[in-house]
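S.K.: Sharing entry15.pdb here; it has PDB, N, CA and C atoms.
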ATOM      1  N   THR F   1       0.839  -1.180   0.000
ATOM      2  CA  THR F   1       0.000   0.000   0.000
ATOM      3  C   THR F   1       0.880   1.238   0.000
ATOM      4  N   TYR F   2       0.576   2.154  -0.861
ATOM      5  CA  TYR F   2       1.335   3.392  -0.959
ATOM      6  C   TYR F   2       0.764   4.404   0.030
ATOM      7  N   THR F   3       1.634   4.971   0.888
ATOM      8  CA  THR F   3       1.173   5.902   1.916
ATOM      9  C   THR F   3       1.528   7.349   1.611
ATOM     10  N   GLY F   4       2.479   7.563   0.705
ATOM     11  CA  GLY F   4       2.924   8.917   0.439
ATOM     12  C   GLY F   4       4.037   9.368   1.367
ATOM     13  N   TYR F   5       4.448   8.509   2.282
ATOM     14  CA  TYR F   5       5.510   8.814   3.229
ATOM     15  C   TYR F   5       6.747   7.990   2.908
ATOM     16  N   ALA F   6       7.922   8.543   3.190
ATOM     17  CA  ALA F   6       9.141   7.752   3.163
ATOM     18  C   ALA F   6       9.018   6.735   4.305
ATOM     19  N   PRO F   7       9.707   5.604   4.219
ATOM     20  CA  PRO F   7       9.552   4.568   5.260
ATOM     21  C   PRO F   7       9.709   5.075   6.693
ATOM     22  N   MET F   8      10.745   5.872   6.960
ATOM     23  CA  MET F   8      10.940   6.348   8.337
ATOM     24  C   MET F   8       9.857   7.340   8.734
ATOM     25  N   GLN F   9       9.412   8.160   7.800
ATOM     26  CA  GLN F   9       8.321   9.096   8.107
ATOM     27  C   GLN F   9       7.055   8.328   8.485
ATOM     28  N   TYR F  10       6.812   7.243   7.788
ATOM     29  CA  TYR F  10       5.635   6.425   8.078
ATOM     30  C   TYR F  10       5.733   5.827   9.472
ATOM     31  N   VAL F  11       6.913   5.313   9.823
ATOM     32  CA  VAL F  11       7.122   4.723  11.147
ATOM     33  C   VAL F  11       6.885   5.772  12.231
ATOM     34  N   VAL F  12       7.456   6.949  12.052
ATOM     35  CA  VAL F  12       7.286   8.024  13.042
ATOM     36  C   VAL F  12       5.816   8.406  13.149
ATOM     37  N   GLN F  13       5.139   8.513  12.018
ATOM     38  CA  GLN F  13       3.719   8.876  12.029
ATOM     39  C   GLN F  13       2.899   7.837  12.793
ATOM     40  N   GLN F  14       3.203   6.567  12.596
ATOM     41  CA  GLN F  14       2.491   5.505  13.308
ATOM     42  C   GLN F  14       2.786   5.555  14.807
ATOM     43  N   ARG F  15       4.031   5.829  15.166
ATOM     44  CA  ARG F  15       4.393   5.959  16.587
ATOM     45  C   ARG F  15       3.667   7.132  17.241
ATOM     46  N   ILE F  16       3.562   8.238  16.517
ATOM     47  CA  ILE F  16       2.853   9.417  17.043
ATOM     48  C   ILE F  16       1.371   9.103  17.220
ATOM     49  N   GLU F  17       0.773   8.398  16.280
ATOM     50  CA  GLU F  17      -0.640   8.024  16.407
ATOM     51  C   GLU F  17      -0.856   7.156  17.644
ATOM     52  N   ARG F  18       0.039   6.214  17.868
ATOM     53  CA  ARG F  18      -0.062   5.367  19.062
ATOM     54  C   ARG F  18       0.095   6.206  20.325
ATOM     55  N   ALA F  19       1.047   7.130  20.306
ATOM     56  CA  ALA F  19       1.266   8.004  21.461
ATOM     57  C   ALA F  19       0.028   8.851  21.740
ATOM     58  N   LYS F  20      -0.615   9.359  20.695
ATOM     59  CA  LYS F  20      -1.832  10.149  20.883
ATOM     60  C   LYS F  20      -2.909   9.331  21.585
ATOM     61  N   GLN F  21      -3.064   8.080  21.181
ATOM     62  CA  GLN F  21      -4.046   7.208  21.832
ATOM     63  C   GLN F  21      -3.689   6.998  23.301
ATOM     64  N   MET F  22      -2.421   6.738  23.555
ATOM     65  CA  MET F  22      -1.992   6.499  24.934
ATOM     66  C   MET F  22      -2.140   7.749  25.797
ATOM     67  N   LEU F  23      -1.824   8.908  25.237
ATOM     68  CA  LEU F  23      -1.968  10.154  25.997
ATOM     69  C   LEU F  23      -3.428  10.414  26.348
ATOM     70  N   ALA F  24      -4.313  10.091  25.422
ATOM     71  CA  ALA F  24      -5.739  10.338  25.631
ATOM     72  C   ALA F  24      -6.382   9.317  26.557
ATOM     73  N   GLN F  25      -5.891   8.082  26.543
ATOM     74  CA  GLN F  25      -6.582   6.999  27.235
ATOM     75  C   GLN F  25      -5.900   6.503  28.501
ATOM     76  N   SER F  26      -4.719   7.020  28.821
ATOM     77  CA  SER F  26      -4.042   6.545  30.028
ATOM     78  C   SER F  26      -3.443   7.716  30.786
ATOM     79  N   SER F  27      -3.018   7.432  31.987
ATOM     80  CA  SER F  27      -2.354   8.466  32.787
ATOM     81  C   SER F  27      -0.864   8.147  32.925
ATOM     82  N   LYS F  28      -0.355   7.293  32.042
ATOM     83  CA  LYS F  28       1.069   6.961  32.075
ATOM     84  C   LYS F  28       1.882   8.232  31.875
ATOM     85  N   PRO F  29       3.058   8.285  32.511
ATOM     86  CA  PRO F  29       3.927   9.445  32.299
ATOM     87  C   PRO F  29       4.364   9.554  30.831
ATOM     88  N   ILE F  30       4.597  10.763  30.392
ATOM     89  CA  ILE F  30       5.025  10.998  29.014
ATOM     90  C   ILE F  30       6.329  10.261  28.721
ATOM     91  N   THR F  31       7.218  10.192  29.694
ATOM     92  CA  THR F  31       8.478   9.456  29.517
ATOM     93  C   THR F  31       8.205   7.996  29.187
ATOM     94  N   THR F  32       7.294   7.375  29.897
ATOM     95  CA  THR F  32       6.942   5.978  29.656
ATOM     96  C   THR F  32       6.327   5.805  28.270
ATOM     97  N   ILE F  33       5.450   6.700  27.909
ATOM     98  CA  ILE F  33       4.803   6.628  26.591
ATOM     99  C   ILE F  33       5.845   6.759  25.493
ATOM    100  N   SER F  34       6.783   7.676  25.658
ATOM    101  CA  SER F  34       7.807   7.859  24.620
ATOM    102  C   SER F  34       8.621   6.585  24.423
ATOM    103  N   ILE F  35       8.969   5.915  25.501
ATOM    104  CA  ILE F  35       9.731   4.669  25.411
ATOM    105  C   ILE F  35       8.882   3.568  24.785
ATOM    106  N   GLU F  36       7.648   3.427  25.249
ATOM    107  CA  GLU F  36       6.773   2.369  24.740
ATOM    108  C   GLU F  36       6.431   2.555  23.256
ATOM    109  N   CYS F  37       6.515   3.783  22.773
ATOM    110  CA  CYS F  37       6.228   4.040  21.364
ATOM    111  C   CYS F  37       7.481   3.962  20.493
ATOM    112  N   GLY F  38       8.620   3.672  21.101
ATOM    113  CA  GLY F  38       9.826   3.414  20.322
ATOM    114  C   GLY F  38      10.745   4.592  20.075
ATOM    115  N   PHE F  39      10.565   5.674  20.810
ATOM    116  CA  PHE F  39      11.458   6.817  20.642
ATOM    117  C   PHE F  39      12.705   6.636  21.501
ATOM    118  N   ALA F  40      13.828   7.158  21.016
ATOM    119  CA  ALA F  40      15.111   6.989  21.699
ATOM    120  C   ALA F  40      15.172   7.770  23.010
ATOM    121  N   SER F  41      14.453   8.890  23.082
ATOM    122  CA  SER F  41      14.471   9.716  24.286
ATOM    123  C   SER F  41      13.187  10.529  24.366
ATOM    124  N   THR F  42      12.897  11.005  25.555
ATOM    125  CA  THR F  42      11.716  11.840  25.734
ATOM    126  C   THR F  42      11.840  13.170  24.978
ATOM    127  N   PRO F  43      13.008  13.840  25.014
ATOM    128  CA  PRO F  43      13.119  15.077  24.229
ATOM    129  C   PRO F  43      12.895  14.845  22.728
ATOM    130  N   GLN F  44      13.413  13.743  22.188
ATOM    131  CA  GLN F  44      13.191  13.433  20.777
ATOM    132  C   GLN F  44      11.697  13.230  20.522
ATOM    133  N   PHE F  45      11.043  12.491  21.403
ATOM    134  CA  PHE F  45       9.604  12.264  21.274
ATOM    135  C   PHE F  45       8.838  13.589  21.283
ATOM    136  N   CYS F  46       9.137  14.444  22.249
ATOM    137  CA  CYS F  46       8.418  15.715  22.361
ATOM    138  C   CYS F  46       8.613  16.582  21.124
ATOM    139  N   THR F  47       9.830  16.604  20.600
ATOM    140  CA  THR F  47      10.118  17.375  19.388
ATOM    141  C   THR F  47       9.325  16.840  18.200
ATOM    142  N   MET F  48       9.367  15.522  18.002
ATOM    143  CA  MET F  48       8.665  14.908  16.873
ATOM    144  C   MET F  48       7.154  15.058  17.023
ATOM    145  N   PHE F  49       6.660  14.907  18.257
ATOM    146  CA  PHE F  49       5.224  15.024  18.512
ATOM    147  C   PHE F  49       4.754  16.431  18.158
ATOM    148  N   LYS F  50       5.471  17.432  18.650
ATOM    149  CA  LYS F  50       5.060  18.811  18.388
ATOM    150  C   LYS F  50       5.142  19.133  16.901
ATOM    151  N   LYS F  51       6.130  18.594  16.217
ATOM    152  CA  LYS F  51       6.273  18.808  14.774
ATOM    153  C   LYS F  51       5.076  18.222  14.018
ATOM    154  N   GLN F  52       4.599  17.056  14.451
ATOM    155  CA  GLN F  52       3.499  16.365  13.770
ATOM    156  C   GLN F  52       2.123  16.896  14.169
ATOM    157  N   VAL F  53       1.954  17.229  15.453
ATOM    158  CA  VAL F  53       0.623  17.529  15.999
ATOM    159  C   VAL F  53       0.420  19.031  16.267
ATOM    160  N   SER F  54       1.489  19.782  16.296
ATOM    161  CA  SER F  54       1.474  21.241  16.518
ATOM    162  C   SER F  54       1.254  21.654  17.966
ATOM    163  N   VAL F  55       1.192  20.694  18.864
ATOM    164  CA  VAL F  55       1.155  20.986  20.300
ATOM    165  C   VAL F  55       2.038  19.964  21.008
ATOM    166  N   SER F  56       2.470  20.294  22.214
ATOM    167  CA  SER F  56       3.305  19.369  22.980
ATOM    168  C   SER F  56       2.461  18.196  23.473
ATOM    169  N   PRO F  57       3.109  17.083  23.829
ATOM    170  CA  PRO F  57       2.353  15.956  24.370
ATOM    171  C   PRO F  57       1.537  16.345  25.612
ATOM    172  N   ARG F  58       2.112  17.153  26.475
ATOM    173  CA  ARG F  58       1.402  17.589  27.686
ATOM    174  C   ARG F  58       0.146  18.388  27.323
ATOM    175  N   ARG F  59       0.308  19.316  26.395
ATOM    176  CA  ARG F  59      -0.843  20.141  25.961
ATOM    177  C   ARG F  59      -1.901  19.281  25.279
ATOM    178  N   PHE F  60      -1.460  18.313  24.470
ATOM    179  CA  PHE F  60      -2.389  17.401  23.818
ATOM    180  C   PHE F  60      -3.212  16.662  24.860
ATOM    181  N   ARG F  61      -2.547  16.171  25.900
ATOM    182  CA  ARG F  61      -3.250  15.445  26.967
ATOM    183  C   ARG F  61      -4.246  16.360  27.675
ATOM    184  N   GLU F  62      -3.843  17.574  27.952
ATOM    185  CA  GLU F  62      -4.728  18.538  28.626
ATOM    186  C   GLU F  62      -5.976  18.825  27.789
ATOM    187  N   MET F  63      -5.841  18.795  26.474
ATOM    188  CA  MET F  63      -6.950  19.124  25.579
ATOM    189  C   MET F  63      -7.942  17.967  25.449
ATOM    190  N   GLN F  64      -7.566  16.784  25.873
ATOM    191  CA  GLN F  64      -8.436  15.615  25.707
ATOM    192  C   GLN F  64      -9.540  15.577  26.736
TER     193      GLN F  64
END
Transcribe the structure of this file into structure tokens.

M.R.:
Amino acid sequence: TYTGYAPMQYVVQQRIERAKQMLAQSSKPITTISIECGFASTPQFCTMFKKQVSVSPRRFREMQ
């Protein structure tokens, strides 16, 4: 299936989607979510999340 994304972009997009679900449906710490979604570090996760979603993971959770 063609997604329009380069392979790594697709992987990151899928990880962000999973993180969004976890942020909305659990009270796990953001650090735990970043690790469980496959990011190398919490700062990397926060940067990628904000780039994709336009808000920080914390703000996203607050908005849910």

S.K.: If you count only C-alpha atoms, which residues fall within 10 Å of region 21-34 of chain F, apart from same-chain ones fewer than 4 positions away, as a ChimeraX atom specification?

M.R.: /F:15-17,38-46,49,57-58,60-64

S.K.: Quick one: pull the distance between CA of Ser56 (chain F) and CA of Pro7 (chain F), Å, one decimal.

M.R.: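 Atom-to-atom, CA of Ser56 (chain F) to CA of Pro7 (chain F), that is 23.9 Å.
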
S.K.: As an exercise, work out the distance from atom N of Arg59 (chain F) to atom N of Gln14 (chain F) in Å and give it to one decimal place.

M.R.: 19.0 Å

S.K.: Identify, with DSSP run on backbone atoms, the residues in chain F assigned to helix (DSSP H, G or I), and express the list as a PyMOL selection string.

M.R.: chain F and resi 7-25+30-36+42-53+57-63

S.K.: If I take atom N of Met48 (chain F) and atom N of Gly4 (chain F), how far is one from the other in Å, to one decimal?

M.R.: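 Distance between the two atoms: 20.2 Å.
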